[in-house]
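protein29.txt, holding compact mmCIF, C-alpha atoms:
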```txt
# COMPACT_ATOMS: atom_id res chain seq x y z
CA MET A 148 119.72 65.17 84.10
CA ALA A 149 117.55 62.23 83.13
CA GLU A 150 113.92 62.37 82.22
CA VAL A 151 111.67 63.50 85.03
CA PRO A 152 107.90 63.37 85.48
CA ALA A 153 105.99 66.57 84.78
CA LYS A 154 102.59 67.77 83.69
CA LEU A 155 102.40 69.66 80.42
CA GLU A 156 99.57 71.92 79.33
CA LYS A 157 98.18 72.10 75.80
CA GLY A 158 94.93 73.70 74.73
CA GLY A 159 93.82 74.15 78.32
CA SER A 160 94.29 70.48 79.25
CA TRP A 161 97.05 69.09 81.43
CA VAL A 162 98.73 65.86 80.43
CA THR A 163 100.85 63.72 82.75
CA SER A 164 104.09 63.42 80.87
CA ARG A 165 107.88 63.67 81.14
CA ILE A 166 110.53 66.27 80.38
CA ASP A 167 114.24 65.94 79.76
CA ILE A 168 116.34 68.85 81.01
CA GLY A 169 119.44 69.01 78.83
CA ASN A 170 122.38 71.37 78.62
CA ASP A 171 121.08 73.30 75.61
CA GLY A 172 117.39 72.81 75.88
CA ILE A 173 114.45 70.93 77.28
CA VAL A 174 112.66 68.06 75.64
CA LEU A 175 108.90 68.16 76.20
CA LYS A 176 107.27 64.78 75.67
CA ASP A 177 103.57 64.13 75.05
CA PRO A 178 101.50 66.13 74.05
CA TRP A 179 104.13 68.50 72.59
CA ASN A 180 106.92 66.07 71.57
CA THR A 181 109.29 68.92 70.87
CA THR A 182 112.61 70.35 71.98
CA VAL A 183 112.77 73.91 73.25
CA SER A 184 116.24 75.42 73.17
CA TYR A 185 117.05 77.69 76.11
CA ARG A 186 118.19 80.39 73.66
CA SER A 187 114.67 80.60 72.23
CA ILE A 188 113.10 81.34 75.62
CA VAL A 189 112.34 85.04 76.07
CA ASP A 190 110.27 84.91 79.25
CA LEU A 191 109.85 82.75 82.32
CA GLN A 192 107.17 83.12 84.98
CA LYS A 193 106.78 80.92 88.03
CA ARG A 194 103.56 80.51 89.99
CA GLY A 195 103.65 77.88 92.72
CA GLN A 196 104.52 74.52 91.19
CA MET A 197 104.14 75.73 87.60
CA ILE A 198 106.35 77.65 85.19
CA THR A 199 105.27 79.38 82.01
CA LEU A 200 107.76 79.74 79.17
CA LEU A 201 107.44 82.17 76.30
CA VAL A 202 109.39 80.90 73.33
CA THR A 203 110.26 82.55 70.03
CA MET A 204 109.68 80.03 67.24
CA PRO A 205 111.87 79.87 64.09
CA ASP A 206 109.14 81.75 62.14
CA LYS A 207 109.40 84.57 64.76
CA THR A 208 105.98 83.80 66.25
CA GLU A 209 105.76 83.19 69.97
CA ARG A 210 104.47 80.10 71.74
CA THR A 211 103.69 79.52 75.41
CA TYR A 212 104.50 76.31 77.24
CA LYS A 213 103.31 75.54 80.76
CA ILE A 214 105.12 72.94 82.84
CA ALA A 215 104.13 71.74 86.30
CA SER A 216 106.44 69.62 88.39
CA VAL A 217 107.91 69.20 91.84
CA GLU A 218 109.90 72.13 93.30
CA LYS A 219 113.27 70.36 92.95
CA VAL A 220 112.78 69.92 89.19
CA LEU A 221 111.51 73.48 88.72
CA VAL A 222 114.52 74.89 90.59
CA ILE A 223 116.96 73.05 88.31
CA LEU A 224 114.99 73.97 85.19
CA THR A 225 114.69 77.63 86.21
CA LYS A 226 118.43 77.89 86.79
CA LYS A 227 119.23 76.31 83.41
CA ILE A 228 116.82 78.67 81.65
CA ILE A 229 117.94 81.85 83.42
CA MET A 230 121.59 81.10 82.69
CA ALA A 231 121.03 80.45 78.98
CA CYS A 232 117.82 82.13 77.81
CA ASN A 233 117.52 85.07 75.45
CA ALA A 234 117.79 87.89 78.02
CA TYR A 235 120.03 90.68 79.28
CA ARG A 236 122.11 88.89 81.89
CA ILE A 237 125.04 89.72 84.15
CA MET A 238 126.86 88.07 87.00
CA ALA A 239 126.45 90.15 90.17
CA HIS A 240 125.77 90.09 93.87
CA PHE A 241 122.22 90.60 95.03
CA MET A 242 120.30 90.88 98.27
CA SER A 243 116.63 90.05 97.96
CA PRO A 244 114.54 90.65 99.95
CA ALA A 245 116.57 93.18 101.96
CA ILE A 246 113.65 95.19 103.35
CA ARG A 247 110.05 94.04 103.54
CA GLY A 248 107.29 96.50 104.39
CA GLY A 249 109.87 98.89 105.79
CA VAL A 250 111.43 96.34 108.15
CA LEU A 251 114.97 95.13 107.53
CA VAL A 252 115.11 91.41 106.84
CA THR A 253 117.47 90.27 109.56
CA ASP A 254 118.92 87.24 107.79
CA ALA A 255 119.35 89.05 104.44
CA ARG A 256 122.79 88.60 102.95
CA TRP A 257 124.58 89.21 99.67
CA GLU A 258 124.31 86.29 97.26
CA LYS A 259 126.62 85.74 94.31
CA GLY A 260 124.75 84.80 91.17
CA ALA A 261 123.14 85.97 87.95
CA ILE A 262 120.69 88.77 87.28
CA ALA A 263 118.59 88.33 84.15
CA VAL A 264 116.06 90.78 82.75
CA LEU A 265 113.38 88.90 80.81
CA LYS A 266 110.28 90.13 79.04
CA THR A 267 108.09 90.40 82.15
CA GLY A 268 110.46 90.09 85.07
CA ILE A 269 113.86 90.40 86.67
CA TRP A 270 115.33 87.14 87.95
CA PHE A 271 117.95 86.78 90.67
CA VAL A 272 119.48 83.30 90.67
CA SER A 273 122.20 82.00 92.97
CA GLN A 274 123.27 78.60 94.22
CA GLU A 275 120.69 78.81 97.02
CA LYS A 276 118.09 81.28 95.87
CA GLN A 277 115.76 82.07 92.96
CA VAL A 278 113.83 85.31 93.17
CA SER A 279 111.71 86.91 90.47
CA VAL A 280 110.49 90.49 90.44
CA PRO A 281 107.68 91.11 87.94
CA LEU A 282 108.45 94.31 85.98
CA LYS A 283 104.84 95.48 86.30
CA GLU A 284 105.18 95.35 90.09
CA VAL A 285 108.37 97.46 90.20
CA ALA A 286 107.57 100.59 92.21
CA SER A 287 110.94 102.34 92.14
CA LEU A 288 114.42 101.98 90.80
CA GLU A 289 117.37 103.89 92.16
CA LEU A 290 121.16 104.05 91.86
CA THR A 291 122.35 104.54 95.41
CA LYS A 292 125.19 103.67 97.79
CA ARG A 293 125.39 100.98 100.43
CA GLU A 294 128.07 100.21 102.96
CA LEU A 295 129.81 96.87 102.51
CA GLN A 296 132.98 95.90 104.34
CA LYS A 297 133.45 99.53 105.45
CA LYS A 298 133.28 100.79 101.85
CA LYS A 299 130.44 102.75 100.33
CA LEU A 300 129.60 100.94 97.12
CA ASP A 301 127.23 101.80 94.30
CA VAL A 302 124.17 99.57 94.16
CA ILE A 303 120.84 99.44 92.37
CA LYS A 304 117.86 99.51 94.72
CA ILE A 305 114.63 98.00 93.42
CA ASP A 306 111.32 98.32 95.24
CA HIS A 307 108.48 96.10 94.12
CA LEU A 308 105.03 95.18 95.39
CA GLU A 309 104.49 91.63 96.55
CA GLY A 310 101.16 90.70 98.11
CA GLY A 311 100.57 94.32 99.12
CA GLU A 312 104.00 94.62 100.75
CA VAL A 313 106.80 96.79 99.42
CA VAL A 314 109.88 94.60 99.03
CA THR A 315 113.33 96.13 98.52
CA SER A 316 116.20 94.34 96.76
CA PHE A 317 119.77 95.45 96.05
CA ILE A 318 122.12 94.59 93.18
CA LEU A 319 125.87 95.04 93.44
CA CYS A 320 128.38 94.75 90.59
CA PRO A 321 131.19 96.86 89.08
CA LEU A 322 130.02 100.44 88.47
CA SER A 323 130.28 100.34 84.66
CA THR A 324 128.09 97.20 84.50
CA LEU A 325 125.80 98.59 87.16
CA GLN A 326 125.15 101.72 85.10
CA VAL A 327 124.34 99.62 82.01
CA LEU A 328 122.02 97.38 84.05
CA TYR A 329 120.35 100.42 85.61
CA ASN A 330 119.72 101.97 82.19
CA PHE A 331 118.38 98.65 80.93
CA LEU A 332 116.05 98.33 83.93
CA ARG A 333 114.94 101.95 83.56
CA ASP A 334 114.02 101.23 79.98
CA ALA A 335 112.24 97.98 80.89
CA THR A 336 110.17 99.79 83.54
CA LYS A 337 109.69 103.10 81.76
CA ASP A 338 105.90 102.78 82.08
CA MET A 339 106.20 103.69 85.77
CA ASP A 340 108.00 106.97 85.05
CA MET A 341 106.00 110.03 86.04
CA LYS A 342 106.15 113.29 84.23
CA GLY A 343 107.42 116.28 86.22
CA SER A 344 104.15 118.15 85.71
CA GLU A 345 102.25 115.29 87.35
CA LEU A 346 104.44 115.41 90.44
CA ASP A 347 104.08 119.18 90.65
CA GLN A 348 100.37 118.72 91.35
CA LEU A 349 101.10 117.01 94.66
CA ASP A 350 101.04 119.36 97.63
CA ALA A 351 102.40 118.45 101.07
CA GLN A 352 99.03 117.28 102.38
CA THR A 353 98.42 115.02 99.39
CA ALA A 354 101.88 113.51 99.90
CA GLN A 355 101.04 112.93 103.58
CA VAL A 356 97.80 111.19 102.62
CA ALA A 357 99.71 109.01 100.12
CA MET A 358 102.20 108.08 102.82
CA LEU A 359 99.43 107.14 105.25
CA ILE A 360 97.85 104.94 102.57
CA TYR A 361 101.27 103.34 102.05
CA SER A 362 101.44 102.65 105.78
CA GLY A 363 98.10 100.88 105.66
CA MET A 364 95.83 103.50 107.22
CA ASP A 365 92.14 103.42 106.30
CA THR A 366 90.05 106.44 105.37
CA LYS A 367 88.70 107.04 108.87
CA SER A 368 92.21 106.92 110.41
CA ILE A 369 93.54 109.34 107.78
CA GLU A 370 90.67 111.78 108.46
CA ASN A 371 91.39 111.61 112.19
CA MET A 372 95.16 111.86 111.89
CA LEU A 373 95.18 114.85 109.58
CA SER A 374 91.94 116.39 110.91
CA LEU A 375 90.52 116.39 107.41
CA PRO A 376 86.81 116.66 106.63
CA PRO A 377 85.57 113.78 104.41
CA GLU A 378 85.01 116.09 101.41
CA GLU A 379 88.61 117.30 101.52
CA LEU A 380 90.00 113.78 101.77
CA ASN A 381 87.75 112.72 98.87
CA SER A 382 89.19 115.54 96.81
CA ILE A 383 92.75 114.38 97.62
CA TYR A 384 91.77 110.81 96.68
CA GLU A 385 90.48 112.17 93.36
CA THR A 386 93.89 113.79 92.71
CA LEU A 387 95.69 110.53 93.54
CA LEU A 388 93.26 108.56 91.36
CA LYS A 389 93.73 110.97 88.46
CA LEU A 390 97.50 110.50 88.71
CA LYS A 391 96.97 106.70 88.84
CA LEU A 392 98.82 106.60 92.16
CA VAL A 393 95.97 104.70 93.81
CA ASP A 394 93.12 102.35 92.91
CA VAL A 395 89.65 102.27 94.44
CA VAL A 396 89.40 99.04 96.42
CA MET A 397 86.14 99.68 98.27
CA VAL A 398 83.37 102.30 98.36
CA ARG A 399 82.11 102.70 101.92
CA LYS A 400 78.54 103.89 102.58
CA GLU A 401 77.55 106.51 105.17
CA VAL A 402 73.91 106.06 106.20
CA GLN A 403 71.35 107.50 108.61
CA LEU A 404 68.26 105.91 110.12
CA THR A 405 64.86 106.29 108.46
CA PRO A 406 61.76 106.77 110.64
CA LYS A 407 61.24 103.01 110.37
CA GLY A 408 64.80 102.46 111.56
CA VAL A 409 64.28 104.81 114.49
CA ARG A 410 61.10 102.91 115.45
CA TYR A 411 62.98 99.60 115.25
CA ILE A 412 65.72 100.87 117.57
CA THR A 413 63.19 102.43 119.97
CA ASP A 414 61.27 99.15 120.14
CA ALA A 415 64.42 97.12 120.50
CA LEU A 416 65.52 99.15 123.50
CA LYS A 417 62.18 98.83 125.36
CA PRO A 418 62.40 96.61 128.43
CA PRO A 419 60.56 93.29 128.01
CA SER A 420 56.98 93.55 129.27
CA MET V 918 101.10 93.73 123.97
CA GLY V 919 103.61 96.28 125.16
CA ARG V 920 104.01 99.73 126.68
CA ILE V 921 105.78 101.78 124.04
CA LEU V 922 107.64 105.10 123.95
CA ILE V 923 107.84 106.83 120.56
CA VAL V 924 110.82 109.13 119.91
CA ASP V 925 110.64 111.10 116.65
CA ASP V 926 111.08 114.79 115.87
CA THR V 927 108.14 114.97 113.44
CA LEU V 928 104.60 115.07 114.77
CA PHE V 929 103.39 113.33 111.62
CA MET V 930 105.60 110.26 112.15
CA ARG V 931 104.78 110.12 115.86
CA THR V 932 101.06 110.22 115.09
CA LEU V 933 101.43 107.59 112.38
CA LEU V 934 103.38 105.24 114.66
CA LYS V 935 100.92 105.89 117.48
CA ASN V 936 98.03 104.88 115.22
CA ILE V 937 99.75 101.77 113.93
CA LEU V 938 100.88 100.60 117.36
CA SER V 939 97.55 101.35 119.05
CA SER V 940 95.73 99.43 116.31
CA GLY V 941 97.96 96.47 117.21
CA GLY V 942 96.82 96.66 120.83
CA HIS V 943 99.94 98.32 122.23
CA GLU V 944 99.81 101.10 124.79
CA ILE V 945 101.64 104.31 123.91
CA VAL V 946 103.00 105.44 127.27
CA GLY V 947 104.82 108.49 125.96
CA GLU V 948 106.16 110.50 123.05
CA ALA V 949 109.33 112.54 122.71
CA GLU V 950 110.40 114.93 119.97
CA ASP V 951 114.15 114.63 120.55
CA GLY V 952 116.71 112.12 121.78
CA ASP V 953 117.45 113.81 125.11
CA ILE V 954 113.74 114.03 125.96
CA GLY V 955 113.41 110.38 124.93
CA VAL V 956 116.15 109.35 127.37
CA ASN V 957 114.48 111.27 130.22
CA LYS V 958 111.09 109.76 129.38
CA TYR V 959 112.63 106.29 129.29
CA ARG V 960 114.01 106.84 132.80
CA GLU V 961 110.62 108.08 133.98
CA LEU V 962 108.26 105.67 132.18
CA LYS V 963 110.30 102.45 131.89
CA PRO V 964 108.53 101.35 128.70
CA ASP V 965 108.74 97.80 127.31
CA LEU V 966 109.99 99.12 123.97
CA VAL V 967 111.15 102.35 122.33
CA THR V 968 110.82 103.29 118.66
CA MET V 969 113.69 105.69 118.00
CA ASP V 970 114.14 108.00 115.01
CA VAL V 971 117.79 108.26 113.95
CA VAL V 972 118.03 111.86 112.74
CA MET V 973 116.85 114.40 115.33
CA PRO V 974 118.01 117.98 115.92
CA LYS V 975 119.57 117.98 119.43
CA MET V 976 120.49 114.42 120.34
CA ASN V 977 120.40 111.92 117.50
CA GLY V 978 118.89 108.46 117.82
CA ILE V 979 122.19 106.60 118.07
CA GLU V 980 123.35 108.78 121.00
CA ALA V 981 119.94 108.42 122.65
CA LEU V 982 120.08 104.64 122.13
CA LYS V 983 123.49 104.48 123.81
CA ALA V 984 122.23 106.62 126.71
CA ILE V 985 119.19 104.38 127.18
CA LYS V 986 121.33 101.24 127.03
CA SER V 987 123.60 102.69 129.72
CA LEU V 988 120.52 103.20 131.91
CA ASP V 989 119.11 99.76 131.15
CA ALA V 990 121.22 97.17 129.36
CA ASN V 991 118.08 95.14 128.55
CA ALA V 992 116.21 98.06 126.96
CA LYS V 993 114.43 97.10 123.74
CA VAL V 994 114.92 99.83 121.14
CA ILE V 995 113.86 99.68 117.50
CA MET V 996 115.50 102.28 115.27
CA CYS V 997 113.49 104.10 112.66
CA THR V 998 115.09 105.90 109.75
CA ALA V 999 114.62 107.04 106.17
CA VAL V 1000 115.67 105.09 103.11
CA GLY V 1001 119.27 105.90 102.22
CA GLN V 1002 120.47 105.95 105.81
CA GLU V 1003 120.81 102.18 106.02
CA GLN V 1004 124.52 102.58 106.72
CA MET V 1005 123.41 103.54 110.23
CA VAL V 1006 122.10 100.00 110.71
CA LYS V 1007 125.42 98.46 111.70
CA LEU V 1008 126.16 101.31 114.08
CA ALA V 1009 122.73 101.02 115.67
CA ILE V 1010 122.88 97.22 115.96
CA LYS V 1011 126.39 97.54 117.44
CA SER V 1012 125.01 100.03 119.93
CA GLY V 1013 122.32 97.59 121.02
CA ALA V 1014 119.29 98.24 118.80
CA ARG V 1015 117.01 95.19 118.56
CA GLY V 1016 115.47 96.04 115.18
CA TYR V 1017 115.43 98.51 112.35
CA ILE V 1018 112.49 100.07 110.51
CA VAL V 1019 112.97 101.98 107.27
CA LYS V 1020 110.57 104.82 106.38
CA PRO V 1021 108.19 104.61 104.65
CA PHE V 1022 106.93 101.50 106.40
CA GLN V 1023 103.83 99.34 106.31
CA ALA V 1024 101.71 98.75 109.40
CA PRO V 1025 101.54 94.92 109.39
CA LYS V 1026 105.32 94.55 109.08
CA VAL V 1027 105.97 97.15 111.80
CA LEU V 1028 103.58 95.34 114.17
CA GLU V 1029 105.24 92.02 113.32
CA GLU V 1030 108.70 93.43 114.07
CA ILE V 1031 107.52 95.02 117.33
CA GLY V 1032 105.87 91.73 118.31
CA ASN V 1033 109.08 89.83 117.56
CA VAL V 1034 111.21 92.18 119.65
CA LEU V 1035 108.74 92.25 122.54
CA GLY V 1036 108.51 88.46 122.48
CA ALA V 1037 112.26 87.96 122.37
```
Could the structure of this file be written out as structure tokens, please?
Amino acid sequence: MAEVPAKLEKGGSWVTSRIDIGNDGIVLKDPWNTTVSYRSIVDLQKRGQMITLLVTMPDKTERTYKIASVEKVLVILTKKIIMACNAYRIMAHFMSPAIRGGVLVTDARWEKGAIAVLKTGIWFVSQEKQVSVPLKEVASLELTKRELQKKKLDVIKIDHLEGGEVVTSFILCPLSTLQVLYNFLRDATKDMDMKGSELDQLDAQTAQVAMLIYSGMDTKSIENMLSLPPEELNSIYETLLKLKLVDVVMVRKEVQLTPKGVRYITDALKPPS
Amino acid sequence: MGRILIVDDTLFMRTLLKNILSSGGHEIVGEAEDGDIGVNKYRELKPDLVTMDVVMPKMNGIEALKAIKSLDANAKVIMCTAVGQEQMVKLAIKSGARGYIVKPFQAPKVLEEIGNVLGA
């Protein structure tokens, strides 16, 4: 590929420049004027029209490069990087997203491509699709079975949070590779593992409350659905907070009228004289 | 907005679906705790849409779906099942289900799916 226009960031400033996407690396023109080999890239993050590369330098230090360009250029660059960067990578089939918010994605289909596990994310790259799953957003990881062409095949199921929605993806490859990938992913996401003792604290009602939160119910709806007094629900929230299963997003106030408030309402309701 | 019949053997899931669907402006015309009751209620209530659990003690959701489709070929039924039972999807779709929800689910996506099926 020839040189293409791009914006490059250095020291917080963006410079209109050019990049040259080669077979072994990428040449970054002004202000960097350097070549980054794909093998030195240990992480890739994409946000809108910008990608951020984390590169291991020859002296083992790390440097971050930010590149902004049009989607077509970023797609080509991302594919080159994912296929050659310093990451655990296998060729496999994937389906992502397969389920979104609990609803099956109707046009979901198996794609043949590469799965790469980078420092902060899992990338699925095929001829037509590029999907990244940030490791910190991974909610669950499971080795399970899925029916394909009338055969039950072993797959890895990954749930991750995306804009508040739970998105499920599947990976399919030969079992021996699948097991290695699963172990690798387990290790990469070990921070989400919960100790058995933590889970033991959850009683049936707490689990029900957690499920209602998952479904998008607010506090008032949960109180009504489970006939829980506010104090009891608060206590369950405290348990969930302690286990880091939930975050506080809003503190709602319960108020009552003061005498001044009562007078205001009484006056407001008087018919006009 | 639609008139909806909820078929699920657990009170918790029925209540949850009722809350989600009501919040989306739908009218819950009936509930049933098993497939056979669901089929009878469909005959009686003629709802615009049915949410149907797959695993139920007496008549499972797939059998109930087939029975409803034999009563009304245009019936709109969305199947509802737990994670790990996705292999039922093909069977359900083959039997005439219009959509598939996997538990646990999130309210906005469920309402979107219901809206899509009702609008179709």
For chain A, work out the contacting residues on chain V at 12 Å, counting only C-alpha atoms, and write them as a ChimeraX atom specification.
/V:928-940,995-1008,1010,1015-1031,1033
Polymer residues at most 12 Å from Ile954 in chain V, only C-alpha atoms, same-chain spacing of 5 or more positions, as a list in words
Leu922, Ile923, Val924, Asp925, Asp926, Gly947, Glu948, Ala949, Tyr959, Arg960, Glu961, Leu962, Met969, Met973, Pro974, Lys975, Met976, Asn977, Gly978, Ala981, Leu982, Ala984 and Ile985 of chain V
Residue with the minimum atom-to-atom distance to Ser243 in chain A, picked from A:Ile269, A:Val278, A:Val264, A:Met230 with all atoms listed in the file counted, is A:Val278
Pairwise distance, CA of Leu390 in chain A with CA of Gln352 in chain A, equals 15.3 Å
Range 923-965 of chain V from the block above, C-alpha atoms, as a CSV table (one decimal), in the first residue's frame, please?
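Written output follows (result-v2.csv):
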```
chain,number,residue,atom,x,y,z
V,923,ILE,CA,-46.5,-14.6,28.8
V,924,VAL,CA,-45.9,-18.3,29.2
V,925,ASP,CA,-43.2,-19.3,31.7
V,926,ASP,CA,-43.3,-21.8,34.6
V,927,THR,CA,-41.5,-19.5,37.1
V,928,LEU,CA,-43.4,-16.7,38.7
V,929,PHE,CA,-40.2,-14.7,38.9
V,930,MET,CA,-39.6,-14.7,35.2
V,931,ARG,CA,-43.3,-14.0,34.4
V,932,THR,CA,-43.2,-11.0,36.8
V,933,LEU,CA,-39.9,-9.8,35.3
V,934,LEU,CA,-41.2,-10.0,31.7
V,935,LYS,CA,-44.5,-8.4,32.8
V,936,ASN,CA,-42.6,-5.4,34.2
V,937,ILE,CA,-40.3,-5.0,31.2
V,938,LEU,CA,-43.2,-5.3,28.7
V,939,SER,CA,-45.5,-3.0,30.7
V,940,SER,CA,-42.8,-0.4,30.9
V,941,GLY,CA,-42.6,-0.5,27.1
V,942,GLY,CA,-46.3,0.3,26.9
V,943,HIS,CA,-47.5,-3.2,26.1
V,944,GLU,CA,-50.6,-4.8,27.6
V,945,ILE,CA,-50.2,-8.1,29.3
V,946,VAL,CA,-53.4,-9.9,28.5
V,947,GLY,CA,-52.6,-13.1,30.3
V,948,GLU,CA,-50.0,-15.4,31.9
V,949,ALA,CA,-49.6,-19.1,31.9
V,950,GLU,CA,-47.4,-21.4,33.9
V,951,ASP,CA,-47.2,-24.3,31.5
V,952,GLY,CA,-47.4,-24.9,27.7
V,953,ASP,CA,-50.8,-26.5,27.7
V,954,ILE,CA,-52.3,-23.6,29.7
V,955,GLY,CA,-50.6,-21.2,27.3
V,956,VAL,CA,-52.2,-22.9,24.3
V,957,ASN,CA,-55.7,-22.6,25.9
V,958,LYS,CA,-55.1,-19.0,26.8
V,959,TYR,CA,-53.9,-18.2,23.3
V,960,ARG,CA,-57.2,-19.7,21.9
V,961,GLU,CA,-59.2,-17.7,24.5
V,962,LEU,CA,-57.3,-14.3,24.4
V,963,LYS,CA,-55.9,-14.1,20.8
V,964,PRO,CA,-52.9,-12.0,21.8
V,965,ASP,CA,-50.7,-10.1,19.3
```
